[in-house]
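Student: This one is upload_25.txt, compact mmCIF, C-alpha atoms.
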# COMPACT_ATOMS: atom_id res chain seq x y z
CA MET A 1 0.00 0.00 0.00
CA MET A 2 1.18 3.48 -0.78
CA GLU A 3 1.86 5.54 2.27
CA HIS A 4 0.54 9.04 2.00
CA PHE A 5 3.04 11.39 3.45
CA VAL A 6 3.62 15.10 3.23
CA LEU A 7 7.04 16.65 3.08
CA PRO A 8 7.66 19.29 5.67
CA ASN A 9 6.85 22.69 4.25
CA SER A 10 5.21 21.30 1.11
CA GLY A 11 1.96 22.78 -0.06
CA HIS A 12 1.38 26.48 -0.11
CA VAL A 13 3.42 27.71 2.79
CA ARG A 14 5.67 30.55 1.77
CA ASP A 15 9.10 30.57 3.26
CA ALA A 16 10.95 33.78 2.44
CA GLU A 17 14.15 32.61 4.12
CA SER A 18 14.56 29.45 2.06
CA ASN A 19 13.62 31.37 -1.10
CA LYS A 20 16.54 33.64 -0.49
CA LEU A 21 18.91 30.83 0.51
CA GLY A 22 18.04 28.99 -2.71
CA MET A 23 18.78 32.10 -4.75
CA TRP A 24 22.13 32.51 -3.04
CA LEU A 25 23.04 28.88 -3.78
CA PHE A 26 22.27 29.53 -7.45
CA LEU A 27 24.39 32.69 -7.37
CA PHE A 28 27.31 30.63 -6.01
CA THR A 29 27.20 28.40 -9.11
CA GLU A 30 27.23 31.56 -11.25
CA LEU A 31 30.20 32.93 -9.32
CA LEU A 32 32.15 29.72 -9.89
CA LEU A 33 31.21 29.73 -13.60
CA PHE A 34 32.70 33.20 -14.07
CA GLY A 35 35.42 32.43 -11.52
CA GLY A 36 36.72 29.63 -13.74
CA LEU A 37 36.86 32.03 -16.68
CA PHE A 38 38.72 34.60 -14.58
CA ILE A 39 41.35 31.97 -13.74
CA VAL A 40 41.71 31.19 -17.47
CA TYR A 41 42.16 34.92 -18.11
CA LEU A 42 44.76 35.32 -15.33
CA VAL A 43 46.81 32.34 -16.52
CA TYR A 44 46.86 33.43 -20.18
CA ARG A 45 47.62 36.99 -19.14
CA ALA A 46 50.55 35.77 -17.04
CA LEU A 47 51.82 33.78 -20.05
CA ASN A 48 51.32 36.63 -22.60
CA PRO A 49 51.69 39.90 -20.63
CA ASP A 50 52.84 42.09 -23.56
CA ALA A 51 50.26 40.81 -26.03
CA PHE A 52 47.42 41.33 -23.53
CA LEU A 53 48.65 44.84 -22.80
CA LEU A 54 48.82 45.71 -26.50
CA ALA A 55 45.40 44.23 -27.23
CA SER A 56 43.77 46.00 -24.26
CA PHE A 57 44.61 49.38 -25.86
CA GLU A 58 42.02 48.53 -28.53
CA LEU A 59 39.18 48.84 -25.99
CA SER A 60 37.53 52.18 -25.26
CA ILE A 61 37.99 53.24 -21.63
CA PRO A 62 35.28 55.98 -21.81
CA MET A 63 32.69 53.47 -23.02
CA GLY A 64 33.69 50.94 -20.38
CA THR A 65 33.55 53.60 -17.65
CA ILE A 66 30.10 54.81 -18.76
CA ASN A 67 28.85 51.24 -18.74
CA THR A 68 30.27 50.69 -15.25
CA VAL A 69 28.42 53.76 -13.95
CA VAL A 70 25.23 52.68 -15.77
CA LEU A 71 25.35 49.28 -14.03
CA LEU A 72 26.16 50.78 -10.62
CA THR A 73 23.22 53.17 -11.00
CA SER A 74 20.89 50.31 -11.91
CA SER A 75 22.13 48.37 -8.89
CA MET A 76 21.14 51.32 -6.72
CA THR A 77 17.69 51.69 -8.32
CA ILE A 78 16.81 47.99 -7.88
CA ALA A 79 18.00 48.10 -4.24
CA MET A 80 15.91 51.24 -3.69
CA SER A 81 12.85 49.62 -5.28
CA ILE A 82 12.94 46.99 -2.49
CA THR A 83 13.05 49.78 0.12
CA ALA A 84 10.18 51.58 -1.65
CA LEU A 85 7.96 48.49 -1.78
CA GLN A 86 8.70 47.65 1.87
CA LYS A 87 7.62 51.20 2.76
CA GLY A 88 4.40 50.70 0.78
CA LYS A 89 5.35 53.07 -2.04
CA LYS A 90 4.31 50.79 -4.89
CA GLU A 91 4.39 53.40 -7.64
CA LEU A 92 7.91 54.54 -6.72
CA ALA A 93 9.05 50.91 -6.58
CA LEU A 94 7.68 50.34 -10.10
CA TYR A 95 9.46 53.42 -11.48
CA LEU A 96 12.73 52.35 -9.86
CA MET A 97 12.44 48.87 -11.38
CA MET A 98 11.67 50.36 -14.80
CA ALA A 99 14.75 52.56 -14.42
CA THR A 100 16.77 49.38 -13.80
CA VAL A 101 15.47 47.75 -16.99
CA ALA A 102 16.16 50.99 -18.88
CA ALA A 103 19.74 50.94 -17.58
CA ALA A 104 20.08 47.35 -18.79
CA LEU A 105 19.00 48.53 -22.26
CA ILE A 106 21.47 51.43 -22.21
CA PHE A 107 24.23 49.00 -21.18
CA MET A 108 23.38 46.68 -24.07
CA VAL A 109 23.26 49.53 -26.62
CA ILE A 110 26.72 50.76 -25.55
CA LYS A 111 28.01 47.18 -25.59
CA PHE A 112 26.56 46.74 -29.09
CA PHE A 113 28.50 49.77 -30.40
CA GLU A 114 31.68 48.50 -28.74
CA TRP A 115 31.35 45.01 -30.20
CA ASN A 116 30.38 46.48 -33.57
CA ALA A 117 33.55 48.58 -33.72
CA LYS A 118 35.69 45.52 -32.94
CA ILE A 119 33.85 43.41 -35.52
CA HIS A 120 34.41 46.15 -38.14
CA HIS A 121 38.11 45.84 -37.41
CA GLY A 122 37.81 42.11 -37.99
CA LEU A 123 38.66 41.22 -34.40
CA PHE A 124 35.84 38.74 -33.79
CA PRO A 125 37.17 35.16 -33.47
CA GLY A 126 37.41 33.63 -36.94
CA MET A 127 37.62 36.93 -38.84
CA GLU A 128 40.57 37.97 -40.99
CA THR A 129 42.41 40.41 -38.71
CA TYR A 130 41.80 38.14 -35.74
CA SER A 131 43.38 35.18 -37.51
CA SER A 132 46.50 37.17 -38.43
CA LEU A 133 47.07 38.38 -34.84
CA PRO A 134 49.85 36.90 -32.69
CA ALA A 135 48.59 34.10 -30.44
CA GLY A 136 48.50 36.22 -27.27
CA GLU A 137 46.41 39.01 -28.76
CA SER A 138 43.90 36.68 -30.38
CA LEU A 139 43.52 34.97 -26.99
CA PHE A 140 42.72 38.36 -25.46
CA PHE A 141 39.97 39.05 -27.99
CA PHE A 142 38.62 35.52 -27.73
CA LEU A 143 38.30 35.90 -23.94
CA TYR A 144 36.96 39.45 -24.33
CA PHE A 145 34.11 38.36 -26.60
CA PHE A 146 33.38 35.19 -24.64
CA MET A 147 33.33 36.76 -21.17
CA THR A 148 31.57 40.02 -22.07
CA GLY A 149 29.17 37.98 -24.23
CA LEU A 150 28.32 35.64 -21.37
CA HIS A 151 27.95 38.65 -19.08
CA ALA A 152 25.66 40.38 -21.61
CA LEU A 153 23.51 37.23 -21.68
CA HIS A 154 23.16 37.60 -17.92
CA VAL A 155 22.22 41.27 -18.35
CA ILE A 156 19.43 40.26 -20.75
CA ILE A 157 18.18 37.48 -18.44
CA GLY A 158 18.30 39.86 -15.45
CA ALA A 159 16.32 42.50 -17.33
CA ILE A 160 13.67 39.94 -18.32
CA PHE A 161 13.52 38.69 -14.70
CA ILE A 162 12.97 42.25 -13.43
CA ALA A 163 10.36 42.88 -16.16
CA VAL A 164 8.44 39.81 -14.94
CA VAL A 165 8.64 41.13 -11.35
CA ILE A 166 7.37 44.54 -12.55
CA ALA A 167 4.25 42.82 -13.88
CA LYS A 168 3.82 40.89 -10.61
CA VAL A 169 4.22 44.01 -8.48
CA GLY A 170 1.73 45.75 -10.77
CA SER A 171 -0.85 43.02 -10.20
CA ASP A 172 -0.08 42.89 -6.44
CA LYS A 173 1.28 39.34 -6.55
CA VAL A 174 4.52 40.72 -5.14
CA THR A 175 3.98 43.12 -2.25
CA GLY A 176 5.87 44.50 0.73
CA GLU A 177 4.90 41.39 2.71
CA ARG A 178 5.61 38.95 -0.15
CA ILE A 179 8.75 40.50 -1.51
CA SER A 180 10.93 37.40 -2.12
CA LEU A 181 10.73 37.52 -5.92
CA LEU A 182 11.76 41.18 -6.06
CA GLU A 183 14.59 40.53 -3.59
CA ASN A 184 15.80 37.58 -5.66
CA SER A 185 15.72 39.53 -8.93
CA GLY A 186 17.67 42.24 -7.09
CA LEU A 187 20.26 39.70 -5.90
CA TYR A 188 20.65 38.42 -9.47
CA TRP A 189 21.05 41.94 -10.77
CA HIS A 190 23.72 42.77 -8.17
CA LEU A 191 25.60 39.62 -9.20
CA VAL A 192 25.58 40.89 -12.82
CA ASP A 193 27.00 44.14 -11.48
CA VAL A 194 29.70 42.40 -9.41
CA ILE A 195 30.87 40.40 -12.44
CA TRP A 196 31.16 43.58 -14.49
CA ILE A 197 33.11 45.20 -11.63
CA TYR A 198 35.82 42.58 -12.31
CA LEU A 199 35.50 42.45 -16.12
CA PHE A 200 35.98 46.20 -16.50
CA PRO A 201 39.45 46.60 -14.95
CA LEU A 202 40.69 43.24 -16.27
CA PHE A 203 39.93 44.01 -19.92
CA TYR A 204 39.93 47.80 -20.18
CA LEU A 205 42.20 49.23 -17.53
CA ILE A 206 45.29 47.12 -17.03
CA HIS A 207 47.89 49.27 -18.71
CA MET L 1 10.05 33.23 16.45
CA LYS L 2 11.10 34.21 12.96
CA GLU L 3 7.64 35.34 11.96
CA ASN L 4 7.73 38.04 14.61
CA GLU L 5 11.05 39.47 13.55
CA ILE L 6 10.75 42.83 11.91
CA GLN L 7 12.36 42.86 8.50
CA HIS L 8 15.14 45.39 8.22
CA ILE L 9 14.46 48.15 5.71
CA THR L 10 17.54 49.81 4.26
CA SER L 11 17.05 53.55 3.87
CA PHE L 12 17.24 55.37 0.52
CA ARG L 13 20.02 57.48 1.99
CA GLU L 14 22.14 54.41 2.77
CA HIS L 15 21.67 53.06 -0.77
CA PHE L 16 22.67 56.41 -2.18
CA SER L 17 25.83 56.64 -0.02
CA THR L 18 26.75 53.11 -1.13
CA TYR L 19 26.29 54.20 -4.75
CA VAL L 20 28.46 57.31 -4.29
CA SER L 21 31.28 55.30 -2.71
CA LEU L 22 31.14 52.79 -5.59
CA VAL L 23 31.34 55.58 -8.18
CA ILE L 24 34.30 57.13 -6.32
CA LEU L 25 36.10 53.76 -6.34
CA THR L 26 35.40 53.45 -10.10
CA ILE L 27 36.80 56.93 -10.75
CA MET L 28 39.87 56.00 -8.66
CA THR L 29 40.54 52.86 -10.73
CA VAL L 30 40.15 54.72 -14.02
CA ALA L 31 42.26 57.66 -12.82
CA VAL L 32 45.10 55.40 -11.70
CA SER L 33 45.02 53.61 -15.04
CA VAL L 34 44.78 56.68 -17.30
CA PHE L 35 46.77 59.39 -15.51
CA GLY L 36 49.12 57.52 -13.25
CA ALA L 37 50.33 54.86 -15.66
CA ASP L 38 53.99 55.83 -15.15
CA LEU L 39 53.65 56.72 -11.51
CA LEU L 40 51.82 53.64 -10.30
CA SER L 41 51.23 50.90 -12.81
CA LEU L 42 47.86 49.29 -12.38
CA THR L 43 48.89 45.71 -12.00
CA VAL L 44 46.48 42.83 -11.80
CA LEU L 45 46.80 42.91 -8.01
CA THR L 46 45.91 46.62 -7.61
CA ALA L 47 42.98 46.28 -10.00
CA MET L 48 41.75 43.20 -8.17
CA ALA L 49 42.08 44.89 -4.77
CA ILE L 50 39.88 47.83 -5.83
CA ALA L 51 37.42 45.55 -7.65
CA THR L 52 37.17 43.30 -4.58
CA THR L 53 36.52 46.32 -2.36
CA LYS L 54 33.68 47.31 -4.72
CA ALA L 55 32.30 43.76 -4.78
CA VAL L 56 32.33 43.63 -0.96
CA VAL L 57 30.49 46.97 -0.79
CA VAL L 58 27.85 45.71 -3.27
CA GLY L 59 27.46 42.45 -1.35
CA TYR L 60 27.41 44.03 2.09
CA TYR L 61 24.99 46.89 1.42
CA PHE L 62 23.10 46.31 -1.86
CA MET L 63 22.78 42.54 -1.43
CA HIS L 64 21.82 43.09 2.18
CA LEU L 65 24.47 40.78 3.68
CA LYS L 66 25.06 43.29 6.47
CA TYR L 67 21.55 42.76 7.83
CA ASP L 68 21.06 39.10 6.86
CA PRO L 69 21.60 36.22 9.29
CA MET L 70 25.20 35.12 9.82
CA ILE L 71 24.71 32.02 7.66
CA TYR L 72 24.74 34.10 4.43
CA ARG L 73 28.04 35.82 5.22
CA LEU L 74 29.48 32.46 6.23
CA LEU L 75 28.37 30.80 2.97
CA VAL L 76 29.69 33.65 0.82
CA GLY L 77 32.98 33.45 2.72
CA ILE L 78 33.29 29.71 2.13
CA VAL L 79 32.59 30.07 -1.61
CA MET L 80 35.14 32.90 -1.90
CA LEU L 81 37.69 30.81 -0.01
CA LEU L 82 37.02 27.88 -2.37
CA PHE L 83 37.55 30.12 -5.38
CA VAL L 84 40.75 31.63 -3.99
CA VAL L 85 42.11 28.12 -3.29
CA PHE L 86 41.36 27.08 -6.90
CA MET L 87 43.01 30.25 -8.18
CA ILE L 88 46.15 29.90 -6.07
CA LEU L 89 46.55 26.22 -6.95
CA THR L 90 46.21 26.96 -10.67
CA ILE L 91 48.64 29.88 -10.57
CA PHE L 92 51.21 27.86 -8.59
CA ASP L 93 50.89 25.11 -11.17
CA TYR L 94 51.81 27.56 -13.96
CA VAL L 95 54.50 29.46 -12.10
CA PHE L 96 56.43 26.53 -10.61
CA ARG L 97 55.92 23.93 -13.29
Once you've parsed the file, please lay out its structure as structure tokens.
Tutor:
Amino acid sequence: MMEHFVLPNSGHVRDAESNKLGMWLFLFTELLLFGGLFIVYLVYRALNPDAFLLASFELSIPMGTINTVVLLTSSMTIAMSITALQKGKKELALYLMMATVAAALIFMVIKFFEWNAKIHHGLFPGMETYSSLPAGESLFFFLYFFMTGLHALHVIIGAIFIAVVIAKVGSDKVTGERISLLENSGLYWHLVDVIWIYLFPLFYLIH
Amino acid sequence: MKENEIQHITSFREHFSTYVSLVILTIMTVAVSVFGADLLSLTVLTAMAIATTKAVVVGYYFMHLKYDPMIYRLLVGIVMLLFVVFMILTIFDYVFR
């Protein structure tokens, strides 16, 4: 005979604490994913210091700086939207979340122009100029496109996540008392920010 | 009990101060790289030190670790330690091969 048993905390009990813990565990896997790539970068940089230095001059510091500030601003707005919703200011929370999504769009537009310029110079892996580069420099551009590309994918996913939460806050499915989803989208967005905090100096600034 | 605990609400002012300090750290990194290239070369270590400071500020204030239960800070610490161990082992492998 089948025993009927119920797992503890199954059913419709909301548990904000384990929601958050689960999100953090997921963020740890993301950190280790990018962490592995950072180790690859550090090793190849140590093996080809001059080539990496030369290749890094190709990147635009002003664009990278603007994008850093855009992401930091969006991190602040999503953090503030949590404060706003907890204080019962739903409309303000919605505007702050929309500002975060707008910042994600601005980031992607700037990134698009940066990538576009590099692709015009034939620096995308497999293109003509790229293939004629010395091994060290082509490695730099390979890692640049791979790591910023993977990061950009996270920016897009984060923006979609926040857009979903905007709809749920709008329809009062996420409120000051049931804020887990907004908090988790915020945590994800801050992770995206933290990764860029490392990508920016490693690719643009090390001169 | 947990249910009775009042959830900490971070003030707008605190978020804004966090933001300002992060922007100042960004300007510092860029300034060192652009204007002080001869004076103080921005090595991987310097860049990583400033970036890590920024990451800690984001984690502590924006990601709410400061006000969360100890377990979150502990877990983040363990994961960071794990990553640093991987990194050191890999670098040693390349340097002393």
Student: Near Ala135 in chain A, counting all atoms listed in the file, which residues have an atom at most 12 Å away, once you skip same-chain residues fewer than 2 positions from it, shown as a list in words?
Tutor: Tyr44, Arg45, Leu47, Asn48, Pro49, Asp50, Ala51, Phe52, Ala55, Pro125, Tyr130, Ser131, Ser132, Leu133, Glu137, Ser138, Leu139, Phe140, Phe141 and Phe142 of chain A
Student: Residues of chain L within 9 Å of chain A, counting only C-alpha atoms - could you list those as a PyMOL selection string?
Tutor: chain L and resi 7+9-12+15-16+18-19+22-23+26-27+29-30+32-34+37+41-44+47-48+51-52+54-56+58-59+62-64+72+75-76+79-80+83+86-87+90-91+94-95
Student: Which value, in Å to one decimal, gives the distance between CA of Pro69 in chain L and CA of Leu182 in chain A?
Tutor: 18.9 Å
Student: Could you tell me how far CA of Glu58 in chain A lies from CA of Leu33 in chain A, in Å and to one decimal?
Tutor: 26.3 Å
Student: By how many Å are CA of Ala104 in chain A and CA of Met147 in chain A apart?
Tutor: 17.1 Å
Student: Which one is closest to Lys118 in chain A: A:Val165, A:Leu54, A:Leu94, A:Leu59? Count only C-alpha atoms.
Tutor: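 Looking at the shortest contact to Lys118 in chain A, the residue is A:Leu59.
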